[in-house]
>>> print(open('my_file_17.tsv').read())   # TSV, C-alpha atoms and all ligand atoms
chain	number	residue	atom	x	y	z
A	17	ASN	CA	37.91	171.71	-125.05
A	18	TRP	CA	37.30	171.20	-128.73
A	19	PRO	CA	34.21	169.36	-129.96
A	20	ASN	CA	34.54	165.89	-131.49
A	21	PHE	CA	32.71	166.90	-134.66
A	22	VAL	CA	32.10	170.08	-136.64
A	23	LYS	CA	29.68	170.52	-139.52
A	24	VAL	CA	31.17	171.94	-142.71
A	25	VAL	CA	28.72	173.54	-145.12
A	26	GLU	CA	30.17	173.53	-148.63
A	27	VAL	CA	29.13	176.65	-150.55
A	28	GLY	CA	31.43	176.31	-153.58
A	29	PRO	CA	28.85	175.38	-156.23
A	30	ARG	CA	26.85	178.51	-155.33
A	31	ASP	CA	29.09	181.17	-153.70
A	32	GLY	CA	32.10	179.85	-155.60
A	33	LEU	CA	30.53	179.98	-159.05
A	34	GLN	CA	28.05	182.89	-158.81
A	35	ASN	CA	30.85	185.37	-159.46
A	36	GLU	CA	32.72	183.50	-162.21
A	37	PRO	CA	33.12	185.55	-165.38
A	38	LYS	CA	33.33	182.30	-167.37
A	39	ASN	CA	30.19	180.35	-168.05
A	40	VAL	CA	30.42	177.04	-166.18
A	41	PRO	CA	28.48	174.29	-167.96
A	42	THR	CA	25.66	172.72	-165.95
A	43	ASN	CA	27.20	169.25	-166.18
A	44	VAL	CA	30.43	170.57	-164.57
A	45	LYS	CA	28.39	172.05	-161.70
A	46	VAL	CA	26.55	168.77	-161.19
A	47	ASP	CA	29.81	166.82	-161.36
A	48	LEU	CA	31.28	169.20	-158.77
A	49	ILE	CA	28.37	168.66	-156.37
A	50	ASN	CA	28.52	164.88	-156.79
A	51	ARG	CA	32.30	164.85	-156.18
A	52	LEU	CA	31.87	166.95	-153.03
A	53	VAL	CA	29.27	164.52	-151.72
A	54	ASP	CA	31.54	161.60	-152.58
A	55	ALA	CA	34.27	163.33	-150.53
A	56	GLY	CA	31.98	163.21	-147.49
A	57	VAL	CA	30.27	166.61	-147.62
A	58	ARG	CA	26.79	166.34	-146.10
A	59	ASP	CA	25.62	169.96	-146.49
A	60	VAL	CA	26.12	171.57	-149.87
A	61	GLU	CA	24.77	174.73	-151.47
A	62	THR	CA	23.90	173.81	-155.01
A	63	THR	CA	22.58	176.96	-156.68
A	64	SER	CA	20.36	179.99	-156.16
A	65	PHE	CA	16.86	180.84	-157.34
A	66	VAL	CA	17.54	184.52	-157.90
A	67	SER	CA	16.89	186.66	-160.94
A	68	ALA	CA	19.02	185.57	-163.92
A	69	LYS	CA	19.22	189.26	-164.85
A	70	TRP	CA	21.03	189.88	-161.57
A	71	VAL	CA	23.14	186.71	-161.44
A	72	PRO	CA	23.23	184.99	-164.85
A	73	GLN	CA	25.73	182.42	-163.53
A	74	MET	CA	22.93	180.72	-161.59
A	75	GLY	CA	20.44	180.80	-164.46
A	76	ASP	CA	20.57	177.02	-164.83
A	77	ASN	CA	19.28	176.51	-161.26
A	78	LYS	CA	16.42	174.20	-162.19
A	79	GLU	CA	18.58	172.08	-164.45
A	80	VAL	CA	21.21	171.70	-161.73
A	81	MET	CA	18.61	170.58	-159.20
A	82	ARG	CA	16.98	168.20	-161.66
A	83	SER	CA	20.28	166.62	-162.68
A	84	LEU	CA	21.58	165.82	-159.19
A	85	GLN	CA	21.76	162.18	-158.20
A	86	LYS	CA	20.60	162.90	-154.66
A	87	VAL	CA	22.23	160.85	-151.94
A	88	PRO	CA	20.15	160.17	-148.81
A	89	ASP	CA	21.13	162.19	-145.72
A	90	VAL	CA	22.74	164.91	-147.82
A	91	ASN	CA	21.32	168.37	-147.31
A	92	TYR	CA	21.18	170.08	-150.72
A	93	VAL	CA	20.56	173.79	-150.10
A	94	ALA	CA	19.50	176.44	-152.62
A	95	LEU	CA	19.50	180.20	-152.03
A	96	VAL	CA	16.13	181.95	-152.36
A	97	PRO	CA	15.44	185.71	-152.04
A	98	ASN	CA	11.64	185.85	-152.29
A	99	VAL	CA	8.45	183.81	-152.83
A	100	LYS	CA	9.05	183.67	-156.57
A	101	GLY	CA	12.39	182.00	-155.90
A	102	LEU	CA	10.76	179.56	-153.49
A	103	GLU	CA	8.15	178.63	-156.10
A	104	SER	CA	10.93	177.78	-158.56
A	105	ALA	CA	12.79	175.82	-155.89
A	106	GLU	CA	9.63	173.87	-155.04
A	107	ALA	CA	9.07	173.03	-158.70
A	108	VAL	CA	12.30	171.01	-158.68
A	109	GLN	CA	11.80	169.34	-155.30
A	110	THR	CA	14.26	171.46	-153.30
A	111	GLU	CA	14.08	170.34	-149.68
A	112	THR	CA	16.19	173.07	-148.06
A	113	ILE	CA	16.51	176.73	-148.95
A	114	ALA	CA	18.61	179.58	-147.58
A	115	LEU	CA	17.31	183.10	-147.17
A	116	PHE	CA	19.84	185.93	-147.25
A	117	LEU	CA	19.45	189.21	-145.40
A	118	ALA	CA	22.06	191.83	-144.59
A	119	ALA	CA	22.97	193.91	-141.57
A	120	SER	CA	23.75	196.82	-143.86
A	121	GLU	CA	21.05	198.96	-145.44
A	122	SER	CA	23.16	199.83	-148.52
A	123	PHE	CA	24.22	196.23	-149.15
A	124	SER	CA	20.60	195.08	-148.85
A	125	LYS	CA	19.64	197.59	-151.56
A	126	LYS	CA	22.55	196.72	-153.86
A	127	ASN	CA	22.19	192.95	-153.46
A	128	THR	CA	18.42	192.50	-153.30
A	129	ASN	CA	16.98	195.88	-154.32
A	130	CYS	CA	15.13	196.41	-151.04
A	131	SER	CA	15.59	197.86	-147.57
A	132	ILE	CA	16.32	195.64	-144.57
A	133	ASP	CA	12.71	196.03	-143.39
A	134	GLU	CA	11.40	194.99	-146.81
A	135	SER	CA	13.79	192.02	-146.86
A	136	MET	CA	12.34	190.92	-143.51
A	137	GLU	CA	8.82	191.09	-144.94
A	138	ARG	CA	9.93	189.02	-147.93
A	139	ALA	CA	11.61	186.57	-145.58
A	140	SER	CA	8.47	186.16	-143.47
A	141	ALA	CA	6.42	185.37	-146.56
A	142	VAL	CA	8.98	182.81	-147.72
A	143	LEU	CA	9.19	181.21	-144.27
A	144	GLU	CA	5.42	180.92	-143.99
A	145	ARG	CA	5.12	179.20	-147.35
A	146	ALA	CA	8.16	176.99	-146.71
A	147	ARG	CA	6.71	175.87	-143.36
A	148	LYS	CA	3.50	174.76	-145.06
A	149	ALA	CA	5.47	172.94	-147.77
A	150	GLY	CA	7.76	171.21	-145.25
A	151	ILE	CA	10.86	172.92	-146.64
A	152	ARG	CA	13.69	173.65	-144.21
A	153	VAL	CA	15.12	177.16	-144.15
A	154	ARG	CA	18.62	178.33	-143.35
A	155	GLY	CA	19.22	182.04	-142.75
A	156	TYR	CA	22.12	184.29	-143.72
A	157	VAL	CA	23.09	187.67	-142.37
A	158	SER	CA	25.61	189.43	-144.62
A	159	CYS	CA	28.14	192.14	-143.81
A	160	VAL	CA	28.44	191.13	-140.16
A	161	CYS	CA	31.93	192.64	-139.81
A	162	GLY	CA	31.73	195.37	-142.42
A	163	CYS	CA	30.00	196.52	-145.57
A	164	PRO	CA	31.58	197.39	-148.92
A	165	TYR	CA	29.45	200.55	-149.07
A	166	GLU	CA	29.00	201.60	-145.43
A	167	GLY	CA	32.13	200.36	-143.67
A	168	LYS	CA	31.57	199.49	-140.04
A	169	ILE	CA	28.45	197.60	-139.00
A	170	ASP	CA	26.96	197.62	-135.50
A	171	PRO	CA	27.08	194.10	-133.98
A	172	GLN	CA	23.69	194.82	-132.36
A	173	LYS	CA	22.15	195.16	-135.81
A	174	VAL	CA	23.62	191.75	-136.72
A	175	ALA	CA	22.16	190.27	-133.53
A	176	GLN	CA	18.74	191.78	-134.20
A	177	ILE	CA	18.48	190.31	-137.70
A	178	SER	CA	19.86	186.96	-136.54
A	179	LYS	CA	17.20	186.82	-133.83
A	180	PHE	CA	14.51	187.67	-136.36
A	181	LEU	CA	15.55	184.76	-138.61
A	182	TYR	CA	15.86	182.41	-135.65
A	183	ASP	CA	12.46	183.38	-134.19
A	184	GLU	CA	10.86	182.97	-137.62
A	185	GLY	CA	12.04	179.36	-137.78
A	186	CYS	CA	15.42	179.19	-139.54
A	187	TYR	CA	17.22	176.05	-138.37
A	188	GLU	CA	20.62	177.76	-138.53
A	189	ILE	CA	21.85	181.34	-138.89
A	190	SER	CA	25.00	181.82	-140.93
A	191	LEU	CA	26.91	185.02	-140.17
A	192	GLY	CA	28.56	186.23	-143.36
A	193	ASP	CA	31.77	188.22	-143.34
A	194	THR	CA	30.96	189.05	-146.94
A	195	ILE	CA	34.10	191.02	-147.71
A	196	GLY	CA	36.42	189.22	-145.30
A	197	VAL	CA	37.36	192.29	-143.26
A	198	GLY	CA	36.72	190.67	-139.88
A	199	THR	CA	39.49	189.82	-137.44
A	200	PRO	CA	39.34	187.67	-134.31
A	201	GLY	CA	38.55	190.92	-132.44
A	202	THR	CA	35.56	191.95	-134.52
A	203	ILE	CA	34.27	188.39	-134.92
A	204	ALA	CA	34.36	187.94	-131.13
A	205	ALA	CA	32.42	191.19	-130.68
A	206	VAL	CA	29.77	190.07	-133.21
A	207	LEU	CA	29.44	186.62	-131.66
A	208	ALA	CA	29.18	188.12	-128.16
A	209	GLU	CA	26.14	190.16	-129.28
A	210	VAL	CA	24.50	187.47	-131.39
A	211	THR	CA	24.80	184.76	-128.72
A	212	LYS	CA	22.85	186.98	-126.31
A	213	LEU	CA	19.83	186.40	-128.57
A	214	VAL	CA	20.52	183.16	-130.51
A	215	PRO	CA	22.06	179.98	-129.05
A	216	ALA	CA	25.65	179.39	-130.23
A	217	GLU	CA	24.74	175.91	-131.51
A	218	LYS	CA	22.35	177.54	-134.02
A	219	ILE	CA	25.04	179.81	-135.46
A	220	ALA	CA	27.34	179.22	-138.41
A	221	LEU	CA	30.25	181.35	-139.57
A	222	HIS	CA	30.66	182.16	-143.28
A	223	CYS	CA	34.11	183.69	-143.65
A	224	HIS	CA	35.41	185.14	-146.87
A	225	ASN	CA	39.20	185.18	-146.81
A	226	THR	CA	40.04	188.52	-148.44
A	227	TYR	CA	42.49	189.55	-145.71
A	228	GLY	CA	43.59	186.02	-144.78
A	229	GLN	CA	41.64	186.16	-141.51
A	230	ALA	CA	39.18	183.32	-142.09
A	231	LEU	CA	40.96	180.56	-140.14
A	232	PRO	CA	41.78	182.72	-137.09
A	233	ASN	CA	38.17	183.93	-137.16
A	234	ILE	CA	36.92	180.35	-137.30
A	235	LEU	CA	39.16	179.44	-134.37
A	236	ILE	CA	37.55	182.22	-132.33
A	237	GLY	CA	34.15	180.90	-133.39
A	238	LEU	CA	35.10	177.43	-132.14
A	239	GLN	CA	36.24	178.89	-128.82
A	240	MET	CA	32.92	180.70	-128.50
A	241	GLY	CA	30.82	177.60	-129.16
A	242	VAL	CA	30.14	177.75	-132.91
A	243	ARG	CA	30.02	174.26	-134.45
A	244	VAL	CA	29.12	174.98	-138.08
A	245	PHE	CA	31.40	176.62	-140.65
A	246	ASP	CA	30.81	177.45	-144.31
A	247	SER	CA	33.64	176.98	-146.79
A	248	SER	CA	34.26	176.68	-150.49
A	249	VAL	CA	36.35	174.08	-152.30
A	250	GLY	CA	39.45	175.65	-153.82
A	251	GLY	CA	38.69	178.86	-151.92
A	252	LEU	CA	36.38	180.01	-154.70
A	253	GLY	CA	33.71	182.56	-154.02
A	254	GLY	CA	32.60	186.13	-153.94
A	255	CYS	CA	29.50	188.19	-154.35
A	256	PRO	CA	28.80	190.18	-157.53
A	257	TYR	CA	27.43	192.98	-155.33
A	258	ALA	CA	30.44	193.11	-152.99
A	259	GLN	CA	33.31	194.30	-155.15
A	260	GLY	CA	36.79	193.39	-153.97
A	261	ALA	CA	35.58	190.48	-151.86
A	262	SER	CA	37.59	187.36	-152.46
A	263	GLY	CA	36.65	183.72	-151.98
A	264	ASN	CA	35.47	181.85	-148.94
A	265	VAL	CA	37.88	179.99	-146.72
A	266	ALA	CA	38.96	176.92	-148.71
A	267	THR	CA	37.25	173.73	-147.58
A	268	GLU	CA	40.57	171.89	-147.70
A	269	ASP	CA	42.26	174.48	-145.45
A	270	LEU	CA	39.37	174.33	-142.97
A	271	VAL	CA	39.31	170.52	-142.95
A	272	TYR	CA	43.10	170.34	-142.54
A	273	MET	CA	42.93	172.62	-139.49
A	274	LEU	CA	39.98	170.81	-137.89
A	275	HIS	CA	41.44	167.33	-138.43
A	276	GLY	CA	44.76	168.58	-137.05
A	277	MET	CA	42.91	169.64	-133.89
A	278	GLY	CA	41.38	166.16	-133.55
A	279	ILE	CA	37.97	167.40	-134.73
A	280	GLN	CA	36.14	165.16	-137.19
A	281	THR	CA	34.26	166.45	-140.22
A	282	GLY	CA	33.44	163.27	-142.15
A	283	ILE	CA	35.30	164.77	-145.12
A	284	ASP	CA	38.18	163.07	-146.94
A	285	LEU	CA	40.92	165.68	-147.37
A	286	ASN	CA	42.53	164.06	-150.42
A	287	LYS	CA	39.21	163.85	-152.23
A	288	ILE	CA	38.52	167.52	-151.51
A	289	VAL	CA	41.95	168.46	-152.85
A	290	ASN	CA	41.24	166.49	-156.01
A	291	THR	CA	37.88	168.22	-156.30
A	292	ALA	CA	39.59	171.60	-155.94
A	293	HIS	CA	41.90	170.69	-158.85
A	294	PHE	CA	38.89	169.51	-160.86
A	295	ILE	CA	36.83	172.67	-160.53
A	296	CYS	CA	39.76	175.07	-160.73
A	297	SER	CA	41.03	173.55	-163.95
A	298	ALA	CA	37.47	173.62	-165.34
A	299	ILE	CA	37.32	177.40	-164.79
A	300	GLY	CA	40.99	178.08	-165.50
A	301	LYS	CA	42.00	179.28	-162.04
A	302	ASP	CA	44.59	178.25	-159.47
A	303	PRO	CA	43.15	176.88	-156.24
A	304	GLN	CA	43.18	179.57	-153.54
A	305	SER	CA	44.26	177.12	-150.88
A	306	ASN	CA	47.55	176.58	-149.10
A	307	VAL	CA	46.70	172.95	-148.45
A	308	THR	CA	45.98	172.20	-152.10
A	309	ARG	CA	49.25	173.87	-153.10
A	310	ALA	CA	51.14	171.90	-150.43
A	311	LEU	CA	49.72	168.43	-150.94
A	312	PRO	CA	50.71	166.23	-153.86
A	313	ARG	CA	48.00	165.53	-156.36
A	314	VAL	CA	46.78	161.94	-155.95
B	1	LIG	P1	13.95	193.13	-158.40
B	1	LIG	O1	14.35	193.58	-159.77
B	1	LIG	O2	13.75	194.17	-157.37
B	1	LIG	O3	12.69	192.15	-158.45
B	1	LIG	O4	15.04	192.09	-157.90
B	1	LIG	P2	11.21	192.39	-158.88
B	1	LIG	O5	10.36	191.66	-157.92
B	1	LIG	O6	10.93	193.86	-159.10
B	1	LIG	O7	11.14	191.64	-160.29
B	1	LIG	C1	11.91	192.09	-161.40
B	1	LIG	C2	12.10	190.93	-162.36
B	1	LIG	O8	12.84	189.88	-161.72
B	1	LIG	C3	10.80	190.28	-162.81
B	1	LIG	O9	11.03	189.77	-164.12
B	1	LIG	C4	10.65	189.12	-161.87
B	1	LIG	O10	9.87	188.09	-162.39
B	1	LIG	C5	12.07	188.68	-161.73
B	1	LIG	P3	10.60	190.59	-165.43
B	1	LIG	O11	9.12	190.83	-165.26
B	1	LIG	O12	11.41	191.87	-165.43
B	1	LIG	O13	10.97	189.66	-166.55
B	1	LIG	N1	12.32	187.95	-160.44
B	1	LIG	C6	12.87	186.73	-160.38
B	1	LIG	N2	13.34	185.89	-161.32
B	1	LIG	C7	13.85	184.71	-160.90
B	1	LIG	N3	13.92	184.35	-159.59
B	1	LIG	C8	13.47	185.16	-158.64
B	1	LIG	C9	12.93	186.41	-159.01
B	1	LIG	N4	12.39	187.44	-158.32
B	1	LIG	C10	12.03	188.37	-159.21
B	1	LIG	N5	13.56	184.79	-157.36
B	1	LIG	C11	15.77	190.22	-156.58
B	1	LIG	C12	14.95	191.49	-156.61
B	1	LIG	C13	15.90	189.79	-155.13
B	1	LIG	C14	15.07	189.16	-157.40
B	1	LIG	C15	17.18	190.53	-157.21
B	1	LIG	O14	17.73	191.61	-156.53
B	1	LIG	C16	18.12	189.36	-157.11
B	1	LIG	O15	17.96	188.36	-157.78
B	1	LIG	N6	19.17	189.47	-156.24
B	1	LIG	C17	20.07	188.35	-156.00
B	1	LIG	C18	21.45	188.80	-155.73
B	1	LIG	C19	22.34	187.62	-155.42
B	1	LIG	O16	22.05	186.49	-155.77
B	1	LIG	N7	23.46	187.89	-154.72
B	1	LIG	C20	24.39	186.85	-154.37
B	1	LIG	C21	23.90	185.92	-153.30
B	1	LIG	S1	24.01	186.62	-151.64
B	1	LIG	C22	25.68	186.34	-151.19
B	1	LIG	O17	26.48	185.96	-151.98
B	1	LIG	C23	26.06	186.52	-149.74
B	1	LIG	C24	26.23	185.17	-149.00
B	1	LIG	O18	27.22	184.37	-149.62
B	1	LIG	C25	26.63	185.44	-147.54
B	1	LIG	C26	27.82	186.38	-147.39
B	1	LIG	O19	28.89	186.11	-147.97
B	1	LIG	O20	27.62	187.40	-146.70
B	1	LIG	C27	24.91	184.39	-148.99
B	2	MG	MG	29.36	184.52	-149.34
>>> encode(input="my_file_17.tsv", output="structure tokens")
Amino acid sequence: NWPNFVKVVEVGPRDGLQNEPKNVPTNVKVDLINRLVDAGVRDVETTSFVSAKWVPQMGDNKEVMRSLQKVPDVNYVALVPNVKGLESAEAVQTETIALFLAASESFSKKNTNCSIDESMERASAVLERARKAGIRVRGYVSCVCGCPYEGKIDPQKVAQISKFLYDEGCYEISLGDTIGVGTPGTIAAVLAEVTKLVPAEKIALHCHNTYGQALPNILIGLQMGVRVFDSSVGGLGGCPYAQGASGNVATEDLVYMLHGMGIQTGIDLNKIVNTAHFICSAIGKDPQSNVTRALPRV
């Protein structure tokens, strides 16, 4: 029994562009976000308030947020690692932020320069301040199926961090297969552990597609009650601190599969395909999407 509707969280403007060697002009980023919203996207990650020394590609975060023509009922989400990031997000009227923790000690150090325990302390401080400011918080757990430095990750560790974020007030916990090594087998094992501690309807899957496993993994998620999936237009994406990881599942591939199963998303497939062409030609890349390659350009 498939659901009637699934929420697609578009992460292209952030995950898709944070790893781009080419500098993407702010106006192209803003255009991208506006096109995605016009295509029917209702949850979109716009940027991140991280250190520009660590991720220079997101250094125009404030300008991006200021330049958006915000549409009512659209959830514009910005990544934030600490209170300093939240302060910057607040300064430009960000209404939703996403915290990102990892289930791997080494990845936590490489990506955010702190241990998992320290990242939880940082997260608590951010959540407390966000609560007072009326800012909604999404939570990420990275490396749920494997870590670029440590290899295998214990699903119980993933469940423990997910529960922490959920108990602390995150409205949704996105499980990141950061390097795309998961298979339906490992994803099922992770979801089995996490759903012991966090309700399935509060979980999202964030599948990078390095090994071509994202869609099968998403199908397993659907079977196990997950109703929110992250994706990136054109299949862009990657993390500068997870070498070898490729892009997220392409939004157009995800939407094609869901619509084919009779599941609505509110997203216009042709408009997403056009948006994939737009951003990929702006950065000089071919869309990493079977659907965009298959469909005629309209
Ligand atoms: P740090 O160097 O340990 O921070 O970095 P610090 O507190 O010691 O401060 C050092 C300097 O950074 C100071 O500046 C601070 O002001 C500044 P200085 O005095 O040297 O001029 N600083 C900041 N500047 C701007 N915004 C901030 C901020 N905080 C401190 N928020 C830090 C710690 C977390 C900041 C750093 O490690 C960082 O920015 N990491 C971000 C890495 C990142 O963005 N990774 C990609 C996103 S996560 C991802 O892609 C995974 C995901 O997609 C899910 C999945 O696929 O699994 C979400
Ligand atoms: Mg990611």
>>> closest_residue(input="my_file_17.tsv", among="A:Glu184, A:Glu36, A:Asp193, A:Glu209", to="Pro171 of chain A", atoms="all atoms listed in the file")
A:Glu209
>>> axis_aligned_box(input="my_file_17.tsv", around="segment 228-233 of chain A", padding_each_side="8 Å", output="JSON")
{"center_x": 40.9, "center_y": 183.4, "center_z": -140.9, "size_x": 21.4, "size_y": 21.6, "size_z": 23.7}
>>> closest_residue(input="my_file_17.tsv", among="A:Asp302, A:Asp89, A:Glu79, A:Glu134", to="ligand LIG 1 (chain B)", atoms="all atoms listed in the file")
A:Glu134
>>> closest_atom_pairs(input="my_file_17.tsv", of="chain A", to="ligand LIG 1 (chain B)", cutoff="6 Å", atoms="all atoms listed in the file", output="Markdown table")
| residue | atom | partner | partner_atom | distance |
| --- | --- | --- | --- | --- |
| A:Asp31 | CA | B:LIG1 | O18 | 5.5 |
| A:Phe65 | CA | B:LIG1 | N3 | 5.1 |
| A:Val66 | CA | B:LIG1 | O15 | 3.9 |
| A:Ser67 | CA | B:LIG1 | C7 | 3.6 |
| A:Trp70 | CA | B:LIG1 | O15 | 5.1 |
| A:Val71 | CA | B:LIG1 | O16 | 5.8 |
| A:Pro97 | CA | B:LIG1 | C13 | 5.1 |
| A:Asn98 | CA | B:LIG1 | N5 | 5.5 |
| A:Lys100 | CA | B:LIG1 | N5 | 4.7 |
| A:Gly101 | CA | B:LIG1 | N5 | 3.4 |
| A:Phe116 | CA | B:LIG1 | C27 | 5.6 |
| A:Asn127 | CA | B:LIG1 | C18 | 4.8 |
| A:Thr128 | CA | B:LIG1 | O14 | 3.4 |
| A:Asn129 | CA | B:LIG1 | O2 | 4.8 |
| A:Tyr156 | CA | B:LIG1 | C27 | 6.0 |
| A:Ser158 | CA | B:LIG1 | O20 | 3.5 |
| A:Cys159 | CA | B:LIG1 | O20 | 5.6 |
| A:Gly192 | CA | B:LIG1 | O20 | 3.7 |
| A:Asp193 | CA | B:LIG1 | O20 | 5.4 |
| A:Thr194 | CA | B:LIG1 | O20 | 3.7 |
| A:Cys255 | CA | B:LIG1 | O17 | 4.4 |
>>> residues_around(input="my_file_17.tsv", residues="Leu181 of chain A", least_positions_apart="6", cutoff="12 Å", atoms="all atoms listed in the file", output="PyMOL selection string")
chain A and resi 114-118+135-140+142-143+153-157+174-175+187-191+210+213-214+218-219
>>> residues_around(input="my_file_17.tsv", residues="Lys301 of chain A", least_positions_apart="6", cutoff="10 Å", atoms="all atoms listed in the file", output="list in words")
Gly250, Leu252, His293 and Ile295 of chain A
>>> atom_distance(input="my_file_17.tsv", atom1="atom CA of Glu121 of chain A", atom2="atom CA of Ser178 of chain A")
15.0 Å
>>> atom_distance(input="my_file_17.tsv", atom1="atom CA of His222 of chain A", atom2="atom MG of ligand MG 2 (chain B)")
6.6 Å
>>> residues_near_point(input="my_file_17.tsv", point="(33.7, 194.1, -131.5)", cutoff="12 Å", atoms="all atoms listed in the file", output="PyMOL selection string")
chain A and resi 160-162+168-172+174+198-210
>>> residues_near_point(input="my_file_17.tsv", point="(29.0, 170.0, -163.9)", cutoff="10 Å", atoms="only C-alpha atoms", output="NGL selection string")
:A and (29 or 40-51 or 80 or 83-84 or 295 or 298)
>>> atom_distance(input="my_file_17.tsv", atom1="atom CA of Thr112 of chain A", atom2="atom CA of Thr63 of chain A")
11.4 Å
